[in-house]
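**Student:** Contents of protein.txt (compact mmCIF, N, CA, C and O atoms) are given next:
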```
# COMPACT_ATOMS: atom_id res chain seq x y z
N MET Q 1 83.32 113.54 101.20
CA MET Q 1 82.34 114.60 101.26
C MET Q 1 81.44 114.58 100.02
O MET Q 1 80.26 114.84 100.12
N PHE Q 2 82.03 114.28 98.87
CA PHE Q 2 81.22 114.21 97.66
C PHE Q 2 80.14 113.14 97.78
O PHE Q 2 78.99 113.36 97.40
N ALA Q 3 80.49 111.99 98.32
CA ALA Q 3 79.51 110.91 98.49
C ALA Q 3 78.36 111.35 99.38
O ALA Q 3 77.20 111.03 99.11
N LEU Q 4 78.66 112.10 100.43
CA LEU Q 4 77.60 112.58 101.31
C LEU Q 4 76.67 113.55 100.59
O LEU Q 4 75.46 113.56 100.82
N MET Q 5 77.22 114.35 99.69
CA MET Q 5 76.41 115.33 98.97
C MET Q 5 75.47 114.69 97.95
O MET Q 5 74.49 115.30 97.54
N THR Q 6 75.76 113.47 97.54
CA THR Q 6 74.94 112.82 96.52
C THR Q 6 73.81 111.99 97.12
O THR Q 6 73.00 111.43 96.37
N LEU Q 7 73.73 111.90 98.44
CA LEU Q 7 72.67 111.12 99.08
C LEU Q 7 71.32 111.81 98.94
O LEU Q 7 71.23 113.04 98.90
N ASP Q 8 70.29 111.03 98.89
CA ASP Q 8 68.92 111.53 98.81
C ASP Q 8 68.55 112.23 100.12
O ASP Q 8 68.53 111.60 101.17
N GLU Q 9 68.26 113.52 100.05
CA GLU Q 9 67.93 114.29 101.26
C GLU Q 9 66.68 113.80 101.96
O GLU Q 9 66.50 114.03 103.15
N ALA Q 10 65.81 113.14 101.25
CA ALA Q 10 64.59 112.61 101.87
C ALA Q 10 64.89 111.44 102.80
O ALA Q 10 64.12 111.15 103.71
N LYS Q 11 66.04 110.79 102.59
CA LYS Q 11 66.40 109.62 103.39
C LYS Q 11 67.55 109.88 104.36
O LYS Q 11 67.76 109.11 105.29
N HIS Q 12 68.32 110.95 104.12
CA HIS Q 12 69.52 111.20 104.92
C HIS Q 12 69.56 112.65 105.38
O HIS Q 12 69.28 113.55 104.62
N ARG Q 13 69.94 112.82 106.66
CA ARG Q 13 70.12 114.19 107.17
C ARG Q 13 71.37 114.82 106.58
O ARG Q 13 72.32 114.14 106.23
N ARG Q 14 71.36 116.13 106.50
CA ARG Q 14 72.55 116.85 106.06
C ARG Q 14 73.65 116.67 107.10
O ARG Q 14 73.38 116.49 108.29
N PHE Q 15 74.89 116.74 106.66
CA PHE Q 15 76.03 116.41 107.49
C PHE Q 15 77.06 117.53 107.41
O PHE Q 15 77.42 117.97 106.31
N LEU Q 16 77.51 118.01 108.55
CA LEU Q 16 78.49 119.09 108.61
C LEU Q 16 79.72 118.60 109.36
O LEU Q 16 79.61 118.08 110.47
N VAL Q 17 80.90 118.74 108.76
CA VAL Q 17 82.16 118.37 109.40
C VAL Q 17 82.94 119.64 109.71
O VAL Q 17 83.18 120.45 108.82
N LEU Q 18 83.30 119.80 110.96
CA LEU Q 18 84.10 120.95 111.40
C LEU Q 18 85.41 120.41 111.96
O LEU Q 18 85.43 119.77 113.01
N ASP Q 19 86.49 120.65 111.25
CA ASP Q 19 87.80 120.13 111.64
C ASP Q 19 88.63 121.23 112.27
O ASP Q 19 89.07 122.16 111.60
N GLU Q 20 88.84 121.13 113.59
CA GLU Q 20 89.62 122.10 114.35
C GLU Q 20 89.10 123.53 114.17
O GLU Q 20 89.86 124.48 114.08
N GLN Q 21 87.79 123.67 114.10
CA GLN Q 21 87.16 124.98 113.94
C GLN Q 21 87.45 125.91 115.11
O GLN Q 21 87.29 127.11 115.00
N ASP Q 22 87.89 125.34 116.21
CA ASP Q 22 88.11 126.11 117.43
C ASP Q 22 89.59 126.29 117.76
O ASP Q 22 89.93 126.78 118.82
N CYS Q 23 90.47 125.94 116.85
CA CYS Q 23 91.90 125.92 117.18
C CYS Q 23 92.47 127.30 117.49
O CYS Q 23 93.43 127.41 118.25
N TRP Q 24 91.91 128.37 116.95
CA TRP Q 24 92.44 129.70 117.20
C TRP Q 24 91.66 130.47 118.25
O TRP Q 24 91.95 131.63 118.53
N LEU Q 25 90.66 129.82 118.84
CA LEU Q 25 89.89 130.49 119.88
C LEU Q 25 90.56 130.37 121.24
O LEU Q 25 91.21 129.37 121.53
N ARG Q 26 90.35 131.38 122.05
CA ARG Q 26 90.78 131.27 123.45
C ARG Q 26 89.96 130.14 124.07
O ARG Q 26 88.77 129.99 123.77
N PRO Q 27 90.57 129.33 124.92
CA PRO Q 27 89.85 128.19 125.52
C PRO Q 27 88.54 128.57 126.20
O PRO Q 27 87.58 127.81 126.16
N ASP Q 28 88.46 129.77 126.78
CA ASP Q 28 87.22 130.16 127.46
C ASP Q 28 86.08 130.45 126.49
O ASP Q 28 84.92 130.51 126.89
N LEU Q 29 86.38 130.62 125.19
CA LEU Q 29 85.33 130.88 124.19
C LEU Q 29 84.83 129.61 123.50
O LEU Q 29 83.78 129.62 122.86
N VAL Q 30 85.57 128.53 123.65
CA VAL Q 30 85.20 127.28 122.97
C VAL Q 30 83.81 126.78 123.38
O VAL Q 30 83.01 126.41 122.52
N PRO Q 31 83.44 126.78 124.67
CA PRO Q 31 82.09 126.32 125.02
C PRO Q 31 80.98 127.10 124.32
O PRO Q 31 79.96 126.53 123.93
N ARG Q 32 81.17 128.40 124.12
CA ARG Q 32 80.16 129.21 123.42
C ARG Q 32 80.03 128.78 121.96
O ARG Q 32 78.92 128.67 121.44
N LEU Q 33 81.16 128.52 121.31
CA LEU Q 33 81.12 128.06 119.93
C LEU Q 33 80.43 126.70 119.82
O LEU Q 33 79.60 126.49 118.95
N VAL Q 34 80.75 125.80 120.73
CA VAL Q 34 80.14 124.47 120.72
C VAL Q 34 78.63 124.58 120.87
O VAL Q 34 77.88 123.91 120.16
N LYS Q 35 78.17 125.44 121.76
CA LYS Q 35 76.72 125.62 121.94
C LYS Q 35 76.08 126.20 120.68
O LYS Q 35 75.01 125.75 120.25
N ILE Q 36 76.73 127.18 120.06
CA ILE Q 36 76.20 127.79 118.83
C ILE Q 36 76.08 126.73 117.73
O ILE Q 36 75.06 126.63 117.05
N VAL Q 37 77.13 125.94 117.54
CA VAL Q 37 77.11 124.90 116.51
C VAL Q 37 76.04 123.86 116.82
O VAL Q 37 75.29 123.43 115.93
N HIS Q 38 75.93 123.46 118.08
CA HIS Q 38 74.91 122.48 118.48
C HIS Q 38 73.51 123.01 118.19
O HIS Q 38 72.69 122.33 117.57
N ASP Q 39 73.24 124.23 118.64
CA ASP Q 39 71.91 124.81 118.44
C ASP Q 39 71.58 124.99 116.96
O ASP Q 39 70.47 124.70 116.53
N ALA Q 40 72.55 125.43 116.17
CA ALA Q 40 72.33 125.60 114.73
C ALA Q 40 72.09 124.24 114.06
O ALA Q 40 71.20 124.12 113.21
N GLY Q 41 72.86 123.24 114.44
CA GLY Q 41 72.67 121.90 113.88
C GLY Q 41 71.29 121.36 114.18
O GLY Q 41 70.63 120.78 113.31
N GLN Q 42 70.84 121.57 115.41
CA GLN Q 42 69.49 121.13 115.79
C GLN Q 42 68.43 121.87 114.98
O GLN Q 42 67.50 121.26 114.46
N ALA Q 43 68.56 123.17 114.88
CA ALA Q 43 67.56 123.99 114.19
C ALA Q 43 67.50 123.68 112.69
O ALA Q 43 66.42 123.70 112.10
N LEU Q 44 68.65 123.39 112.09
CA LEU Q 44 68.70 123.16 110.65
C LEU Q 44 68.62 121.68 110.26
O LEU Q 44 68.60 121.36 109.08
N GLY Q 45 68.62 120.80 111.25
CA GLY Q 45 68.53 119.37 110.97
C GLY Q 45 69.83 118.75 110.48
O GLY Q 45 69.81 117.76 109.76
N PHE Q 46 70.94 119.33 110.87
CA PHE Q 46 72.25 118.82 110.47
C PHE Q 46 72.77 117.82 111.49
O PHE Q 46 72.59 117.98 112.69
N GLN Q 47 73.44 116.80 111.01
CA GLN Q 47 74.26 115.94 111.85
C GLN Q 47 75.64 116.59 111.82
O GLN Q 47 76.14 116.96 110.75
N VAL Q 48 76.28 116.77 112.98
CA VAL Q 48 77.53 117.52 113.04
C VAL Q 48 78.64 116.64 113.61
O VAL Q 48 78.45 115.97 114.63
N LEU Q 49 79.79 116.67 112.96
CA LEU Q 49 81.00 116.03 113.45
C LEU Q 49 82.00 117.13 113.73
O LEU Q 49 82.38 117.87 112.82
N MET Q 50 82.39 117.28 115.00
CA MET Q 50 83.36 118.30 115.38
C MET Q 50 84.66 117.61 115.78
O MET Q 50 84.64 116.72 116.62
N ILE Q 51 85.75 118.05 115.20
CA ILE Q 51 87.07 117.52 115.53
C ILE Q 51 87.80 118.63 116.27
O ILE Q 51 87.87 119.77 115.80
N SER Q 52 88.33 118.31 117.45
CA SER Q 52 88.95 119.34 118.28
C SER Q 52 90.05 118.75 119.14
O SER Q 52 90.05 117.57 119.46
N HIS Q 53 90.97 119.61 119.55
CA HIS Q 53 92.01 119.21 120.49
C HIS Q 53 91.70 119.73 121.90
O HIS Q 53 92.45 119.48 122.82
N HIS Q 54 90.58 120.42 122.06
CA HIS Q 54 90.23 120.95 123.37
C HIS Q 54 89.71 119.86 124.29
O HIS Q 54 89.39 118.75 123.87
N ASP Q 55 89.60 120.19 125.56
CA ASP Q 55 89.16 119.25 126.58
C ASP Q 55 87.80 118.65 126.24
O ASP Q 55 86.88 119.37 125.82
N VAL Q 56 87.68 117.35 126.42
CA VAL Q 56 86.46 116.63 126.10
C VAL Q 56 85.26 117.18 126.88
O VAL Q 56 84.14 117.22 126.36
N GLY Q 57 85.49 117.66 128.07
CA GLY Q 57 84.41 118.17 128.89
C GLY Q 57 83.63 119.31 128.26
O GLY Q 57 82.46 119.54 128.56
N VAL Q 58 84.27 120.04 127.36
CA VAL Q 58 83.61 121.15 126.67
C VAL Q 58 82.46 120.65 125.81
O VAL Q 58 81.45 121.32 125.64
N PHE Q 59 82.57 119.44 125.29
CA PHE Q 59 81.59 118.89 124.35
C PHE Q 59 80.57 117.98 125.02
O PHE Q 59 79.56 117.65 124.42
N GLU Q 60 80.84 117.61 126.23
CA GLU Q 60 80.07 116.59 126.94
C GLU Q 60 78.56 116.82 126.95
O GLU Q 60 77.80 115.92 126.66
N GLN Q 61 78.11 118.01 127.27
CA GLN Q 61 76.67 118.23 127.41
C GLN Q 61 75.94 118.34 126.07
O GLN Q 61 74.73 118.25 126.01
N TYR Q 62 76.68 118.51 124.97
CA TYR Q 62 76.04 118.67 123.67
C TYR Q 62 76.18 117.46 122.75
O TYR Q 62 75.44 117.35 121.78
N ALA Q 63 77.11 116.59 123.03
CA ALA Q 63 77.43 115.49 122.11
C ALA Q 63 76.56 114.26 122.37
O ALA Q 63 76.28 113.92 123.51
N ASP Q 64 76.19 113.60 121.29
CA ASP Q 64 75.55 112.29 121.40
C ASP Q 64 76.61 111.23 121.69
O ASP Q 64 76.38 110.29 122.43
N ARG Q 65 77.77 111.40 121.07
CA ARG Q 65 78.91 110.49 121.25
C ARG Q 65 80.20 111.29 121.15
O ARG Q 65 80.29 112.23 120.38
N ILE Q 66 81.19 110.85 121.93
CA ILE Q 66 82.52 111.45 121.86
C ILE Q 66 83.52 110.32 121.71
O ILE Q 66 83.45 109.32 122.43
N TYR Q 67 84.44 110.50 120.78
CA TYR Q 67 85.52 109.53 120.59
C TYR Q 67 86.85 110.22 120.80
O TYR Q 67 87.02 111.38 120.43
N THR Q 68 87.79 109.51 121.41
CA THR Q 68 89.15 109.98 121.51
C THR Q 68 90.02 109.08 120.64
O THR Q 68 89.70 107.90 120.44
N PHE Q 69 91.09 109.63 120.14
CA PHE Q 69 92.00 108.88 119.27
C PHE Q 69 93.34 108.75 119.99
O PHE Q 69 93.94 109.74 120.38
N ILE Q 70 93.77 107.49 120.15
CA ILE Q 70 94.97 107.19 120.91
C ILE Q 70 96.04 106.63 119.97
O ILE Q 70 95.88 105.53 119.44
N PRO Q 71 97.14 107.36 119.76
CA PRO Q 71 98.23 106.83 118.91
C PRO Q 71 99.04 105.80 119.69
O PRO Q 71 99.16 105.87 120.91
N ASP Q 72 99.60 104.82 118.98
CA ASP Q 72 100.49 103.86 119.63
C ASP Q 72 101.89 103.97 119.04
O ASP Q 72 102.13 104.72 118.09
N ALA Q 73 102.82 103.23 119.59
CA ALA Q 73 104.23 103.31 119.18
C ALA Q 73 104.45 102.84 117.74
O ALA Q 73 105.42 103.21 117.11
N LYS Q 74 103.53 102.04 117.20
CA LYS Q 74 103.68 101.51 115.84
C LYS Q 74 103.16 102.47 114.78
O LYS Q 74 103.24 102.18 113.60
N GLY Q 75 102.58 103.57 115.18
CA GLY Q 75 102.05 104.53 114.23
C GLY Q 75 100.57 104.34 113.94
O GLY Q 75 100.00 105.05 113.13
N SER Q 76 99.94 103.38 114.60
CA SER Q 76 98.50 103.17 114.44
C SER Q 76 97.74 104.09 115.39
O SER Q 76 98.31 104.61 116.34
N ILE Q 77 96.47 104.25 115.11
CA ILE Q 77 95.61 105.06 115.98
C ILE Q 77 94.38 104.25 116.34
O ILE Q 77 93.73 103.66 115.48
N GLU Q 78 94.07 104.24 117.62
CA GLU Q 78 92.89 103.54 118.11
C GLU Q 78 91.81 104.56 118.45
O GLU Q 78 92.09 105.56 119.12
N ALA Q 79 90.60 104.34 117.97
CA ALA Q 79 89.47 105.21 118.31
C ALA Q 79 88.72 104.56 119.47
O ALA Q 79 88.35 103.39 119.39
N ARG Q 80 88.55 105.31 120.55
CA ARG Q 80 87.83 104.81 121.73
C ARG Q 80 86.64 105.71 122.00
O ARG Q 80 86.77 106.94 122.02
N ARG Q 81 85.50 105.08 122.25
CA ARG Q 81 84.34 105.87 122.66
C ARG Q 81 84.57 106.36 124.07
O ARG Q 81 84.88 105.59 124.96
N TRP Q 82 84.43 107.65 124.25
CA TRP Q 82 84.70 108.26 125.55
C TRP Q 82 83.46 108.18 126.42
O TRP Q 82 82.33 108.37 125.97
N SER Q 83 83.68 107.89 127.68
CA SER Q 83 82.58 107.96 128.64
C SER Q 83 83.11 108.69 129.88
O SER Q 83 84.28 108.52 130.25
N PRO Q 84 82.27 109.50 130.50
CA PRO Q 84 82.74 110.28 131.65
C PRO Q 84 83.12 109.37 132.81
O PRO Q 84 82.55 108.27 132.95
N PRO Q 85 84.06 109.79 133.63
CA PRO Q 85 84.40 108.98 134.80
C PRO Q 85 83.23 108.93 135.77
O PRO Q 85 82.39 109.84 135.77
N PRO Q 86 83.15 107.87 136.56
CA PRO Q 86 82.04 107.79 137.54
C PRO Q 86 82.06 108.99 138.48
O PRO Q 86 83.12 109.56 138.77
N ALA Q 87 80.89 109.38 138.94
CA ALA Q 87 80.76 110.56 139.79
C ALA Q 87 81.55 110.43 141.08
O ALA Q 87 82.01 111.42 141.63
N ASN Q 88 81.74 109.22 141.58
CA ASN Q 88 82.45 109.04 142.84
C ASN Q 88 83.90 108.58 142.63
O ASN Q 88 84.50 107.99 143.50
N ALA Q 89 84.48 108.88 141.47
CA ALA Q 89 85.83 108.41 141.14
C ALA Q 89 86.89 109.02 142.05
O ALA Q 89 87.92 108.41 142.29
N ASP Q 90 86.63 110.19 142.62
CA ASP Q 90 87.63 110.83 143.46
C ASP Q 90 87.51 110.45 144.92
O ASP Q 90 88.23 110.95 145.76
N ARG Q 91 86.64 109.56 145.27
CA ARG Q 91 86.45 109.16 146.68
C ARG Q 91 87.30 107.99 147.04
O ARG Q 91 87.70 107.18 146.34
```
Could you spell out this file's structure in structure tokens?
**Tutor:**
Amino acid sequence: MFALMTLDEAKHRRFLVLDEQDCWLRPDLVPRLVKIVHDAGQALGFQVLMISHHDVGVFEQYADRIYTFIPDAKGSIEARRWSPPPANADR
């Protein structure tokens, strides 16, 4: 975080990290928080990284990219870029 704060603002957008900011919210309120954070980030010119354990679908319409983290038996974690299932996946 310190390294990000020392970057030249003329060349780099401000960056906000929210780690489990929604962990104590009722699940039905999480979409409202995500929209508020998205809209504020857009208005203020912030790049936002949100870390959450809630369903990926909550973030889908607001995120440029979504990554999921998959632990393995060896203790490693794989980061995978998430993409929505095809629209006809249930047919």
**Student:** Which neighbours of Ala79 (chain Q) fall inside 7 Å, counting only N, CA, C and O atoms, when residues of the same chain fewer than 4 positions from it are skipped, and could you give them as a PDB file with N, CA, C and O atoms, keeping the file's coordinate frame?
**Tutor:**
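The result, written out as out_11.pdb:
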```pdb
ATOM      1  N   TYR Q  67      84.440 110.500 120.780  1.00  0.00           N
ATOM      2  CA  TYR Q  67      85.520 109.530 120.590  1.00  0.00           C
ATOM      3  C   TYR Q  67      86.850 110.220 120.800  1.00  0.00           C
ATOM      4  O   TYR Q  67      87.020 111.380 120.430  1.00  0.00           O
ATOM      5  N   THR Q  68      87.790 109.510 121.410  1.00  0.00           N
ATOM      6  CA  THR Q  68      89.150 109.980 121.510  1.00  0.00           C
ATOM      7  C   THR Q  68      90.020 109.080 120.640  1.00  0.00           C
ATOM      8  O   THR Q  68      89.700 107.900 120.440  1.00  0.00           O
ATOM      9  N   PHE Q  69      91.090 109.630 120.140  1.00  0.00           N
ATOM     10  CA  PHE Q  69      92.000 108.880 119.270  1.00  0.00           C
ATOM     11  C   PHE Q  69      93.340 108.750 119.990  1.00  0.00           C
ATOM     12  O   PHE Q  69      93.940 109.740 120.380  1.00  0.00           O
ATOM     13  N   ILE Q  70      93.770 107.490 120.150  1.00  0.00           N
ATOM     14  CA  ILE Q  70      94.970 107.190 120.910  1.00  0.00           C
ATOM     15  C   ILE Q  70      96.040 106.630 119.970  1.00  0.00           C
ATOM     16  O   ILE Q  70      95.880 105.530 119.440  1.00  0.00           O
TER      17      ILE Q  70
END
```
**Student:** Considering all atoms listed in the file, give me a table of residues in region 36-75 of chain Q that are at most 4.5 Å from region 9-19 of chain Q, with the closest atom pair and distance in Å for each, as a Markdown table.
**Tutor:**
```
| residue | atom | partner | partner_atom | distance |
| --- | --- | --- | --- | --- |
| Q:Gly45 | O | Q:Arg14 | N | 4.0 |
| Q:Phe46 | CA | Q:Arg14 | O | 3.4 |
| Q:Gln47 | N | Q:Arg14 | O | 2.7 |
| Q:Val48 | CA | Q:Leu16 | O | 3.4 |
| Q:Leu49 | O | Q:Leu18 | N | 2.8 |
| Q:Met50 | CA | Q:Leu18 | O | 3.5 |
| Q:Ile51 | N | Q:Leu18 | O | 2.8 |
```
**Student:** Include N, CA, C and O atoms and write out the residues we just selected as a compact mmCIF listing (two decimals), in the coordinates of the input.
**Tutor:**
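File selection.txt, as written:
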```txt
# COMPACT_ATOMS: atom_id res chain seq x y z
N GLY Q 45 68.62 120.80 111.25
CA GLY Q 45 68.53 119.37 110.97
C GLY Q 45 69.83 118.75 110.48
O GLY Q 45 69.81 117.76 109.76
N PHE Q 46 70.94 119.33 110.87
CA PHE Q 46 72.25 118.82 110.47
C PHE Q 46 72.77 117.82 111.49
O PHE Q 46 72.59 117.98 112.69
N GLN Q 47 73.44 116.80 111.01
CA GLN Q 47 74.26 115.94 111.85
C GLN Q 47 75.64 116.59 111.82
O GLN Q 47 76.14 116.96 110.75
N VAL Q 48 76.28 116.77 112.98
CA VAL Q 48 77.53 117.52 113.04
C VAL Q 48 78.64 116.64 113.61
O VAL Q 48 78.45 115.97 114.63
N LEU Q 49 79.79 116.67 112.96
CA LEU Q 49 81.00 116.03 113.45
C LEU Q 49 82.00 117.13 113.73
O LEU Q 49 82.38 117.87 112.82
N MET Q 50 82.39 117.28 115.00
CA MET Q 50 83.36 118.30 115.38
C MET Q 50 84.66 117.61 115.78
O MET Q 50 84.64 116.72 116.62
N ILE Q 51 85.75 118.05 115.20
CA ILE Q 51 87.07 117.52 115.53
C ILE Q 51 87.80 118.63 116.27
O ILE Q 51 87.87 119.77 115.80
```
**Student:** Which residue, Q:His38, Q:Trp24, Q:Glu78, Q:Thr6, has the smallest gap to Ala63 (chain Q) when you use only N, CA, C and O atoms?
**Tutor:**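 When distances to Ala63 (chain Q) are compared using only N, CA, C and O atoms, the smallest one comes from Q:His38.
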**Student:** Please return as a list in words: the residues of region 39-78 of chain Q that backbone DSSP assigns to strand (DSSP E or B).
**Tutor:**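 Answer for region 39-78 of chain Q, restricted to strand (DSSP E or B): Phe46, Gln47, Val48, Leu49, Met50, Ile51, Tyr67, Thr68, Phe69, Ile70, Pro71, Ile77 and Glu78 of chain Q.
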**Student:** Run DSSP on the backbone of this structure and report the residues of chain Q it assigns to helix (DSSP H, G or I), as a CSV table (one decimal) with N, CA, C and O atoms, in the coordinates of the input.
**Tutor:**
```csv
chain,number,residue,atom,x,y,z
Q,2,PHE,N,82.0,114.3,98.9
Q,2,PHE,CA,81.2,114.2,97.7
Q,2,PHE,C,80.1,113.1,97.8
Q,2,PHE,O,79.0,113.4,97.4
Q,3,ALA,N,80.5,112.0,98.3
Q,3,ALA,CA,79.5,110.9,98.5
Q,3,ALA,C,78.4,111.4,99.4
Q,3,ALA,O,77.2,111.0,99.1
Q,4,LEU,N,78.7,112.1,100.4
Q,4,LEU,CA,77.6,112.6,101.3
Q,4,LEU,C,76.7,113.6,100.6
Q,4,LEU,O,75.5,113.6,100.8
Q,5,MET,N,77.2,114.4,99.7
Q,5,MET,CA,76.4,115.3,99.0
Q,5,MET,C,75.5,114.7,98.0
Q,5,MET,O,74.5,115.3,97.5
Q,27,PRO,N,90.6,129.3,124.9
Q,27,PRO,CA,89.8,128.2,125.5
Q,27,PRO,C,88.5,128.6,126.2
Q,27,PRO,O,87.6,127.8,126.2
Q,28,ASP,N,88.5,129.8,126.8
Q,28,ASP,CA,87.2,130.2,127.5
Q,28,ASP,C,86.1,130.4,126.5
Q,28,ASP,O,84.9,130.5,126.9
Q,29,LEU,N,86.4,130.6,125.2
Q,29,LEU,CA,85.3,130.9,124.2
Q,29,LEU,C,84.8,129.6,123.5
Q,29,LEU,O,83.8,129.6,122.9
Q,30,VAL,N,85.6,128.5,123.6
Q,30,VAL,CA,85.2,127.3,123.0
Q,30,VAL,C,83.8,126.8,123.4
Q,30,VAL,O,83.0,126.4,122.5
Q,31,PRO,N,83.4,126.8,124.7
Q,31,PRO,CA,82.1,126.3,125.0
Q,31,PRO,C,81.0,127.1,124.3
Q,31,PRO,O,80.0,126.5,123.9
Q,32,ARG,N,81.2,128.4,124.1
Q,32,ARG,CA,80.2,129.2,123.4
Q,32,ARG,C,80.0,128.8,122.0
Q,32,ARG,O,78.9,128.7,121.4
Q,33,LEU,N,81.2,128.5,121.3
Q,33,LEU,CA,81.1,128.1,119.9
Q,33,LEU,C,80.4,126.7,119.8
Q,33,LEU,O,79.6,126.5,119.0
Q,34,VAL,N,80.8,125.8,120.7
Q,34,VAL,CA,80.1,124.5,120.7
Q,34,VAL,C,78.6,124.6,120.9
Q,34,VAL,O,77.9,123.9,120.2
Q,35,LYS,N,78.2,125.4,121.8
Q,35,LYS,CA,76.7,125.6,121.9
Q,35,LYS,C,76.1,126.2,120.7
Q,35,LYS,O,75.0,125.8,120.2
Q,36,ILE,N,76.7,127.2,120.1
Q,36,ILE,CA,76.2,127.8,118.8
Q,36,ILE,C,76.1,126.7,117.7
Q,36,ILE,O,75.1,126.6,117.0
Q,37,VAL,N,77.1,125.9,117.5
Q,37,VAL,CA,77.1,124.9,116.5
Q,37,VAL,C,76.0,123.9,116.8
Q,37,VAL,O,75.3,123.4,115.9
Q,38,HIS,N,75.9,123.5,118.1
Q,38,HIS,CA,74.9,122.5,118.5
Q,38,HIS,C,73.5,123.0,118.2
Q,38,HIS,O,72.7,122.3,117.6
Q,39,ASP,N,73.2,124.2,118.6
Q,39,ASP,CA,71.9,124.8,118.4
Q,39,ASP,C,71.6,125.0,117.0
Q,39,ASP,O,70.5,124.7,116.5
Q,40,ALA,N,72.6,125.4,116.2
Q,40,ALA,CA,72.3,125.6,114.7
Q,40,ALA,C,72.1,124.2,114.1
Q,40,ALA,O,71.2,124.1,113.2
Q,41,GLY,N,72.9,123.2,114.4
Q,41,GLY,CA,72.7,121.9,113.9
Q,41,GLY,C,71.3,121.4,114.2
Q,41,GLY,O,70.6,120.8,113.3
Q,42,GLN,N,70.8,121.6,115.4
Q,42,GLN,CA,69.5,121.1,115.8
Q,42,GLN,C,68.4,121.9,115.0
Q,42,GLN,O,67.5,121.3,114.5
Q,43,ALA,N,68.6,123.2,114.9
Q,43,ALA,CA,67.6,124.0,114.2
Q,43,ALA,C,67.5,123.7,112.7
Q,43,ALA,O,66.4,123.7,112.1
Q,44,LEU,N,68.6,123.4,112.1
Q,44,LEU,CA,68.7,123.2,110.6
Q,44,LEU,C,68.6,121.7,110.3
Q,44,LEU,O,68.6,121.4,109.1
Q,56,VAL,N,87.7,117.4,126.4
Q,56,VAL,CA,86.5,116.6,126.1
Q,56,VAL,C,85.3,117.2,126.9
Q,56,VAL,O,84.1,117.2,126.4
Q,57,GLY,N,85.5,117.7,128.1
Q,57,GLY,CA,84.4,118.2,128.9
Q,57,GLY,C,83.6,119.3,128.3
Q,57,GLY,O,82.5,119.5,128.6
Q,58,VAL,N,84.3,120.0,127.4
Q,58,VAL,CA,83.6,121.2,126.7
Q,58,VAL,C,82.5,120.6,125.8
Q,58,VAL,O,81.4,121.3,125.6
```
**Student:** Quick check, in Å to one decimal: how far apart do CA of Gln21 (chain Q) and atom O of Leu33 (chain Q) lie?
**Tutor:**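 CA of Gln21 (chain Q) sits 9.2 Å away from atom O of Leu33 (chain Q).
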**Student:** The centre and edge lengths of an axis-aligned box containing all atoms of region 79-85 of chain Q present in the file, extended by 3 Å on each side, are to be given in Å to one decimal, as lines of an AutoDock Vina configuration file.
**Tutor:**
```
center_x = 86.4
center_y = 106.8
center_z = 126.9
size_x = 14.3
size_y = 12.9
size_z = 23.8
```
